[in-house]
$ cat work_19.txt   # compact mmCIF, C-alpha atoms and all ligand atoms
# COMPACT_ATOMS: atom_id res chain seq x y z
CA MET A 471 21.00 -8.14 -7.11
CA ASN A 472 20.50 -4.72 -5.50
CA TYR A 473 17.58 -3.30 -3.60
CA ILE A 474 16.25 0.10 -4.62
CA VAL A 475 14.51 1.72 -1.67
CA PHE A 476 12.50 4.57 -3.10
CA ASP A 477 10.10 7.30 -2.14
CA MET A 478 8.31 10.00 -4.09
CA GLU A 479 6.61 13.31 -3.49
CA TRP A 480 3.79 14.45 -5.71
CA ASN A 481 1.81 17.57 -6.34
CA GLN A 482 -1.96 17.46 -6.35
CA PRO A 483 -4.72 19.35 -8.17
CA TYR A 484 -6.26 22.35 -6.43
CA SER A 485 -9.77 21.00 -6.92
CA LYS A 486 -11.63 18.06 -8.41
CA GLU A 487 -12.63 20.29 -11.32
CA SER A 488 -9.04 21.13 -12.18
CA ALA A 489 -7.89 17.52 -11.89
CA ILE A 490 -6.81 15.58 -14.96
CA GLN A 491 -9.61 13.09 -15.66
CA SER A 492 -8.39 11.29 -18.73
CA PRO A 493 -7.04 8.72 -19.48
CA ILE A 494 -7.03 8.33 -15.69
CA TYR A 495 -7.92 10.48 -12.73
CA LEU A 496 -4.47 11.82 -11.87
CA THR A 497 -4.32 12.09 -8.09
CA GLY A 498 -0.70 13.17 -7.99
CA GLU A 499 2.06 14.39 -10.26
CA ILE A 500 5.57 13.39 -9.20
CA ILE A 501 7.83 16.29 -8.26
CA GLN A 502 10.58 14.43 -6.41
CA ILE A 503 12.11 10.96 -6.59
CA GLY A 504 14.47 9.83 -3.87
CA ALA A 505 16.13 6.43 -3.69
CA ILE A 506 18.89 4.54 -1.90
CA LYS A 507 20.60 1.59 -3.54
CA LEU A 508 21.43 -1.25 -1.16
CA ASN A 509 23.57 -4.26 -2.00
CA GLU A 510 22.57 -7.80 -1.06
CA LYS A 511 23.87 -7.25 2.46
CA ALA A 512 21.58 -4.21 2.72
CA GLN A 513 24.55 -1.82 2.73
CA ALA A 514 23.94 1.53 1.07
CA ILE A 515 26.07 1.84 -2.06
CA ASP A 516 24.49 4.75 -3.92
CA CYS A 517 21.69 7.28 -3.81
CA ILE A 518 19.75 9.55 -6.11
CA ASN A 519 17.65 12.65 -5.50
CA LEU A 520 15.73 14.04 -8.47
CA LEU A 521 13.48 17.05 -8.54
CA VAL A 522 10.97 17.04 -11.38
CA ALA A 523 9.35 20.02 -13.09
CA PRO A 524 5.58 19.46 -13.19
CA THR A 525 3.72 19.21 -16.50
CA PHE A 526 0.06 18.82 -15.48
CA TYR A 527 -0.26 20.48 -12.11
CA ARG A 528 2.12 23.37 -12.52
CA LYS A 529 0.94 25.31 -9.54
CA LEU A 530 2.41 23.80 -6.40
CA HIS A 531 -0.42 23.12 -3.96
CA HIS A 532 0.11 25.14 -0.78
CA ARG A 533 -0.37 22.02 1.33
CA ILE A 534 2.31 20.14 -0.61
CA ARG A 535 4.58 23.15 -0.44
CA LYS A 536 4.19 23.29 3.31
CA MET A 537 4.51 19.54 3.80
CA THR A 538 7.54 18.92 1.58
CA GLY A 539 9.34 22.23 1.96
CA LEU A 540 9.68 22.28 -1.83
CA ASP A 541 9.38 25.62 -3.54
CA PRO A 542 8.02 26.33 -7.05
CA LYS A 543 11.33 28.04 -7.89
CA MET A 544 13.22 24.88 -7.04
CA LEU A 545 11.13 22.86 -9.50
CA LYS A 546 10.80 25.28 -12.40
CA ASP A 547 14.12 24.55 -14.11
CA GLN A 548 14.35 20.88 -13.28
CA LYS A 549 14.11 18.00 -15.72
CA LYS A 550 10.69 17.03 -17.00
CA PHE A 551 9.31 13.68 -15.93
CA LYS A 552 10.35 11.85 -19.10
CA GLU A 553 14.01 12.77 -18.66
CA ALA A 554 13.99 12.33 -14.90
CA ILE A 555 12.51 8.85 -15.09
CA ALA A 556 14.99 7.86 -17.80
CA GLU A 557 17.79 8.92 -15.46
CA PHE A 558 16.20 7.02 -12.59
CA ARG A 559 15.80 3.90 -14.71
CA GLU A 560 19.42 4.06 -15.83
CA TRP A 561 20.53 4.55 -12.22
CA CYS A 562 18.49 1.57 -10.97
CA GLY A 563 20.35 -0.82 -13.28
CA ALA A 564 19.15 -4.13 -14.61
CA ASP A 565 19.08 -6.57 -11.72
CA CYS A 566 17.17 -5.06 -8.84
CA LEU A 567 14.13 -5.20 -6.66
CA MET A 568 12.28 -2.06 -5.60
CA LEU A 569 11.20 -1.57 -2.01
CA SER A 570 8.77 1.06 -0.78
CA TRP A 571 6.82 1.96 2.33
CA GLY A 572 3.16 1.53 1.42
CA TYR A 573 1.46 1.02 -1.92
CA ASP A 574 0.96 4.64 -2.91
CA ASP A 575 4.33 5.49 -4.41
CA LEU A 576 4.25 2.64 -6.90
CA GLN A 577 0.68 3.47 -7.91
CA ILE A 578 1.54 7.13 -8.45
CA LEU A 579 4.62 6.14 -10.45
CA ARG A 580 2.50 3.90 -12.69
CA ASP A 581 -0.10 6.65 -13.15
CA ASN A 582 2.62 9.15 -14.09
CA LEU A 583 4.20 6.77 -16.60
CA LEU A 584 0.80 6.30 -18.20
CA MET A 585 0.14 10.04 -18.35
CA HIS A 586 3.41 10.51 -20.22
CA ASP A 587 2.78 7.60 -22.60
CA LEU A 588 5.71 5.72 -21.15
CA GLU A 589 5.98 1.96 -20.75
CA GLU A 590 5.96 0.42 -17.31
CA ASP A 591 7.25 -2.99 -18.32
CA TRP A 592 10.81 -2.00 -17.38
CA LEU A 593 9.79 -1.54 -13.74
CA PRO A 594 11.50 -4.06 -11.50
CA PRO A 595 9.29 -6.01 -9.09
CA CYS A 596 8.23 -3.68 -6.30
CA LEU A 597 7.52 -4.84 -2.77
CA ASN A 598 5.79 -2.98 0.03
CA LEU A 599 7.86 -3.40 3.19
CA GLN A 600 4.89 -2.96 5.53
CA GLY A 601 3.81 -6.61 5.45
CA ILE A 602 7.36 -7.79 6.20
CA PHE A 603 7.64 -5.22 9.00
CA ASN A 604 4.34 -6.39 10.51
CA HIS A 605 5.47 -10.00 10.53
CA GLN A 606 9.00 -9.50 11.80
CA ILE A 607 8.76 -6.46 14.08
CA ALA A 608 5.25 -5.25 14.91
CA HIS A 609 3.47 -8.62 15.13
CA GLU A 610 0.34 -6.74 14.27
CA ASN A 611 -1.64 -6.44 11.05
CA ARG A 612 -2.07 -2.83 10.11
CA GLN A 613 -0.53 -0.13 7.98
CA PHE A 614 2.05 1.51 10.20
CA SER A 615 3.27 4.91 9.07
CA LEU A 616 6.99 5.22 8.38
CA GLU A 617 7.29 7.52 11.41
CA HIS A 618 5.63 4.95 13.64
CA ALA A 619 7.83 2.14 12.29
CA MET A 620 10.94 4.24 12.95
CA GLU A 621 9.80 4.91 16.48
CA MET A 622 9.36 1.19 17.10
CA LEU A 623 12.91 0.61 15.84
CA ASP A 624 14.41 3.50 17.84
CA ILE A 625 15.41 5.36 14.68
CA VAL A 626 15.52 9.01 15.72
CA PRO A 627 14.25 11.39 13.02
CA THR A 628 16.70 14.21 12.44
CA LEU A 629 15.91 15.02 8.80
CA GLN A 630 12.80 16.79 7.54
CA ALA A 631 10.03 14.28 6.87
CA HIS A 632 7.95 14.23 3.66
CA ASN A 633 10.95 14.85 1.52
CA ALA A 634 11.37 11.93 -0.90
CA PHE A 635 15.11 11.73 -0.39
CA ASN A 636 14.93 11.83 3.41
CA ASP A 637 12.06 9.36 3.49
CA ALA A 638 14.02 7.02 1.22
CA ILE A 639 16.92 7.23 3.69
CA TYR A 640 14.60 6.38 6.56
CA THR A 641 12.88 3.59 4.66
CA ALA A 642 16.32 2.14 3.92
CA ARG A 643 17.16 2.30 7.62
CA VAL A 644 13.96 0.43 8.44
CA ALA A 645 14.77 -2.08 5.68
CA LYS A 646 18.17 -2.70 7.27
CA CYS A 647 16.42 -3.77 10.49
CA LEU A 648 14.46 -6.42 8.59
CA ASP A 649 15.46 -9.86 7.42
CA LEU A 650 14.89 -9.00 3.77
CA ARG A 651 15.68 -12.48 2.49
CA GLU A 652 13.09 -14.10 4.71
CA GLY A 653 10.61 -11.31 4.00
CA ILE A 654 11.00 -11.60 0.25
CA ARG A 655 10.76 -15.37 0.32
CA ASN A 656 7.45 -15.14 2.15
CA TYR A 657 6.29 -11.95 0.44
CA PRO A 658 3.11 -13.27 -1.21
CA GLU A 659 1.84 -14.51 2.14
CA LEU A 660 2.97 -11.49 4.22
CA ASN A 661 1.68 -8.99 1.70
CA GLY A 662 -1.58 -10.93 1.40
CA ILE A 663 -2.08 -10.79 5.17
CA LEU A 664 -1.56 -7.02 5.15
CA TRP A 665 -3.78 -6.55 2.10
CA TYR A 666 -6.64 -8.62 3.49
CA SER A 667 -6.35 -6.97 6.89
CA MET A 668 -6.86 -3.62 5.11
CA HIS A 669 -9.53 -4.55 2.59
CA GLY A 670 -11.02 -7.85 3.69
CA VAL A 671 -12.93 -10.19 1.41
CA LYS A 672 -16.51 -9.03 1.04
CA GLU A 673 -19.36 -11.21 -0.13
CA THR A 674 -23.12 -10.82 -0.27
CA PHE A 675 -25.65 -13.59 0.25
CA PRO A 676 -28.97 -12.29 -1.08
CA ASN A 677 -32.67 -13.04 -1.09
CA PHE A 678 -33.97 -14.54 2.11
CA ARG A 679 -37.55 -14.34 3.33
CA SER A 680 -36.60 -13.99 6.98
CA ARG A 681 -33.68 -13.14 9.19
CA GLU A 682 -33.71 -16.70 10.55
CA ARG A 683 -33.52 -18.24 7.12
CA ALA A 684 -30.71 -15.92 6.17
CA LEU A 685 -28.67 -16.83 9.22
CA ALA A 686 -29.34 -20.54 8.75
CA ASP A 687 -27.65 -20.58 5.34
CA HIS A 688 -24.83 -23.13 5.55
CA ARG A 689 -22.66 -21.20 3.12
CA LEU A 690 -22.08 -18.51 5.73
CA LYS A 691 -19.93 -20.88 7.80
CA LYS A 692 -17.82 -22.08 4.92
CA LEU A 693 -15.04 -20.03 3.37
CA SER A 694 -11.72 -20.36 1.61
CA CYS A 695 -8.55 -18.96 3.10
CA PRO A 696 -7.76 -15.73 1.19
CA ILE A 697 -4.08 -16.68 1.12
CA CYS A 698 -3.89 -20.38 0.29
CA GLY A 699 -7.46 -21.25 -0.64
CA LYS A 700 -7.84 -23.91 2.02
CA THR A 701 -11.47 -24.56 3.04
CA LEU A 702 -12.22 -23.19 6.49
CA LYS A 703 -15.28 -23.69 8.68
CA VAL A 704 -16.75 -21.46 11.33
CA ARG A 705 -18.17 -23.44 14.28
CA HIS A 706 -20.57 -20.78 15.44
CA PHE A 707 -21.16 -17.05 15.21
CA THR A 708 -21.56 -14.88 18.28
CA GLU A 709 -24.31 -12.32 18.19
CA ILE A 710 -22.99 -8.80 18.73
CA ASP A 711 -26.33 -7.09 18.28
CA GLU A 712 -29.47 -7.60 16.25
CA LYS A 713 -27.73 -6.84 12.99
CA ASN A 714 -24.22 -8.16 13.54
CA GLN A 715 -22.62 -11.50 14.21
CA ALA A 716 -18.94 -12.39 14.44
CA ALA A 717 -16.53 -15.30 14.66
CA GLU A 718 -12.80 -15.80 14.66
CA LEU A 719 -10.85 -18.51 12.90
CA GLN A 720 -7.27 -19.56 13.50
CA THR A 721 -5.34 -20.17 10.29
CA ARG A 722 -1.68 -20.92 9.73
CA HIS A 723 -1.25 -17.29 8.61
CA GLY A 724 -2.84 -15.80 11.72
CA LEU A 725 -6.29 -15.00 13.06
CA LEU A 726 -9.16 -14.32 10.64
CA SER A 727 -12.20 -12.36 11.69
CA VAL A 728 -15.50 -13.24 10.03
CA ARG A 729 -18.34 -10.74 10.37
CA LEU A 730 -21.91 -10.98 9.22
CA LYS A 731 -24.11 -7.98 8.76
CA ILE A 732 -27.80 -8.65 8.37
CA MET A 733 -29.44 -6.18 6.01
CA GLN A 734 -32.80 -5.66 4.39
CA THR A 735 -33.68 -4.41 0.90
CA GLN A 736 -36.40 -1.84 0.28
CA LYS A 737 -38.67 -4.72 -0.65
CA LYS A 738 -37.98 -6.22 2.77
CA ALA A 739 -35.94 -9.18 1.55
CA TYR A 740 -33.07 -10.08 3.84
CA TYR A 741 -29.49 -10.38 2.76
CA ILE A 742 -26.19 -10.89 4.50
CA LYS A 743 -22.90 -9.15 3.97
CA ARG A 744 -19.94 -11.22 5.06
CA THR A 745 -16.51 -9.66 5.57
CA VAL A 746 -13.43 -11.78 6.20
CA ARG A 747 -10.20 -10.10 7.25
CA PHE A 748 -6.99 -10.80 9.11
CA VAL A 749 -6.78 -9.15 12.50
ZN ZN B 801 -4.40 -20.44 4.17
$ encode --input "work_19.txt" --output "structure tokens"
Amino acid sequence: MNYIVFDMEWNQPYSKESAIQSPIYLTGEIIQIGAIKLNEKAQAIDCINLLVAPTFYRKLHHRIRKMTGLDPKMLKDQKKFKEAIAEFREWCGADCLMLSWGYDDLQILRDNLLMHDLEEDWLPPCLNLQGIFNHQIAHENRQFSLEHAMEMLDIVPTLQAHNAFNDAIYTARVAKCLDLREGIRNYPELNGILWYSMHGVKETFPNFRSRERALADHRLKKLSCPICGKTLKVRHFTEIDEKNQAAELQTRHGLLSVRLKIMQTQKKAYYIKRTVRFV
């Protein structure tokens, strides 16, 4: 099985009004696909760099032009998305796993496939390397940028950033510093930790007559682990200020922060917002 480390660049609409709204709000149209193929030992064995002529957002946004260094003239005579993606698919081969830095590229790829009425069921499984990087290198739960990750690994940037091909090269270099086997084996857990550190699990406990009654609700101290579902119990919350309370819980996946926000409706009923996230 090979790893396909990929990165994309996309053009964006000039304004909300000129954005494609249907069947989805199209935030970006792919104009470059870069990828490095690694074998099971994480050695680079092939690469691909495709420029794509835009269909929906034909005018290259000045910001994208500046950021990527891509020029409208360079894109004009390139393959359209349908052909480019067919070439990419062929190049990927049958038995592979896709690796990216962050969640955005995969989402944009899916959106673009949908816009062109193309199936996505051929897409190999795609993993975000950030959770694996956090666990093995950073020992911290947050979304590191590729640049920051490279810096932590002493990878000196010499190529222009924000070019899909160059970023794919750099992502592959970061991937080579990781124990991919271990990371992939534990991916659901590592990705879950990253995901829940970003988004948290938010719940609302409504309809209390007083602040005291709201805070006395036993349900506030009981929660299930977002990763494995195990029941967890908070011993006590510390008051931060009048409206906020917090606690921390040690789990086998790391430290969970539990925060309570005490709110009031217009009709003066109290309710509590609880947010649970990995820190
Ligand atoms: Zn758990």
$ residues_near_ligand --input "work_19.txt" --ligand "ligand ZN 801 (chain B)" --cutoff "7 Å" --atoms "all atoms listed in the file" --output "VMD selection string"
chain A and resid 695 to 700 721 to 723
$ write_last_selection --input "work_19.txt" --atoms "C-alpha atoms" --output "PDB file, in the coordinates of the input"
ATOM      1  CA  CYS A 695      -8.550 -18.960   3.100  1.00  0.00           C
ATOM      2  CA  PRO A 696      -7.760 -15.730   1.190  1.00  0.00           C
ATOM      3  CA  ILE A 697      -4.080 -16.680   1.120  1.00  0.00           C
ATOM      4  CA  CYS A 698      -3.890 -20.380   0.290  1.00  0.00           C
ATOM      5  CA  GLY A 699      -7.460 -21.250  -0.640  1.00  0.00           C
ATOM      6  CA  LYS A 700      -7.840 -23.910   2.020  1.00  0.00           C
ATOM      7  CA  THR A 721      -5.340 -20.170  10.290  1.00  0.00           C
ATOM      8  CA  ARG A 722      -1.680 -20.920   9.730  1.00  0.00           C
ATOM      9  CA  HIS A 723      -1.250 -17.290   8.610  1.00  0.00           C
TER      10      HIS A 723
END
$ closest_residue --input "work_19.txt" --among "A:Lys546, A:Lys691, A:Lys703, A:Arg683" --to "A:Ala739" --atoms "only C-alpha atoms"
A:Arg683
$ residues_around --input "work_19.txt" --residues "A:Tyr473" --least-positions-apart "5" --cutoff "9 Å" --atoms "only C-alpha atoms" --output "list in words"
Ile506, Lys507, Leu508, Asn509, Glu510, Ala512, Cys562, Asp565, Cys566, Leu567, Met568 and Leu569 of chain A
$ residues_near_point --input "work_19.txt" --point "(7.5, 0.3, 14.1)" --cutoff "10 Å" --atoms "only C-alpha atoms" --output "tab-separated table (two decimals) with C-alpha atoms, in the coordinates of the input"
chain	number	residue	atom	x	y	z
A	600	GLN	CA	4.89	-2.96	5.53
A	603	PHE	CA	7.64	-5.22	9.00
A	604	ASN	CA	4.34	-6.39	10.51
A	607	ILE	CA	8.76	-6.46	14.08
A	608	ALA	CA	5.25	-5.25	14.91
A	609	HIS	CA	3.47	-8.62	15.13
A	614	PHE	CA	2.05	1.51	10.20
A	615	SER	CA	3.27	4.91	9.07
A	616	LEU	CA	6.99	5.22	8.38
A	617	GLU	CA	7.29	7.52	11.41
A	618	HIS	CA	5.63	4.95	13.64
A	619	ALA	CA	7.83	2.14	12.29
A	620	MET	CA	10.94	4.24	12.95
A	621	GLU	CA	9.80	4.91	16.48
A	622	MET	CA	9.36	1.19	17.10
A	623	LEU	CA	12.91	0.61	15.84
A	624	ASP	CA	14.41	3.50	17.84
A	625	ILE	CA	15.41	5.36	14.68
A	644	VAL	CA	13.96	0.43	8.44
$ closest_residue --input "work_19.txt" --among "A:Asn611, A:Asn714, A:Gln734, A:Asn519" --to "A:Arg747" --atoms "only C-alpha atoms"
A:Asn611
$ residues_around --input "work_19.txt" --residues "stretch 520-531 of chain A" --least-positions-apart "5" --cutoff "6 Å" --atoms "all atoms listed in the file" --output "JSON, numbers by chain"
{"A": [501, 502, 503, 545, 546, 548, 549, 550, 551]}
$ write_last_selection --input "work_19.txt" --atoms "C-alpha atoms" --output "short mmCIF file (atom, residue, chain, number, x, y, z; two decimals), in the coordinates of the input"
data_model
loop_
_atom_site.label_atom_id
_atom_site.label_comp_id
_atom_site.auth_asym_id
_atom_site.auth_seq_id
_atom_site.Cartn_x
_atom_site.Cartn_y
_atom_site.Cartn_z
CA ILE A 501 7.83 16.29 -8.26
CA GLN A 502 10.58 14.43 -6.41
CA ILE A 503 12.11 10.96 -6.59
CA LEU A 545 11.13 22.86 -9.50
CA LYS A 546 10.80 25.28 -12.40
CA GLN A 548 14.35 20.88 -13.28
CA LYS A 549 14.11 18.00 -15.72
CA LYS A 550 10.69 17.03 -17.00
CA PHE A 551 9.31 13.68 -15.93
#
$ residues_around --input "work_19.txt" --residues "stretch 572-584 of chain A" --least-positions-apart "2" --cutoff "10 Å" --atoms "all atoms listed in the file" --output "ChimeraX atom specification"
/A:476-480,493-500,503,551-552,555,568-570,586-590,593,596-601,613-616
$ closest_residue --input "work_19.txt" --among "A:Lys511, A:Arg612, A:Arg559, A:Arg705" --to "A:Asn472" --atoms "all atoms listed in the file"
A:Lys511
$ axis_aligned_box --input "work_19.txt" --around "stretch 540-552 of chain A" --padding-each-side "6 Å" --output "JSON"
{"center_x": 11.2, "center_y": 19.9, "center_z": -10.5, "size_x": 18.3, "size_y": 28.2, "size_z": 29.3}
$ residues_near_point --input "work_19.txt" --point "(-21.8, -16.8, 16.2)" --cutoff "8 Å" --atoms "all atoms listed in the file" --output "PyMOL selection string"
chain A and resi 705-709+715-717
$ closest_residue --input "work_19.txt" --among "A:Leu540, A:Met471, A:Val749, A:Val671" --to "A:Phe635" --atoms "all atoms listed in the file"
A:Leu540
$ closest_residue --input "work_19.txt" --among "A:Trp592, A:Ile602, A:Ile518, A:Arg533" --to "A:Trp561" --atoms "only C-alpha atoms"
A:Ile518
$ atom_distance --input "work_19.txt" --atom1 "atom CA of A:Lys731" --atom2 "atom CA of A:Lys713"
5.7 Å
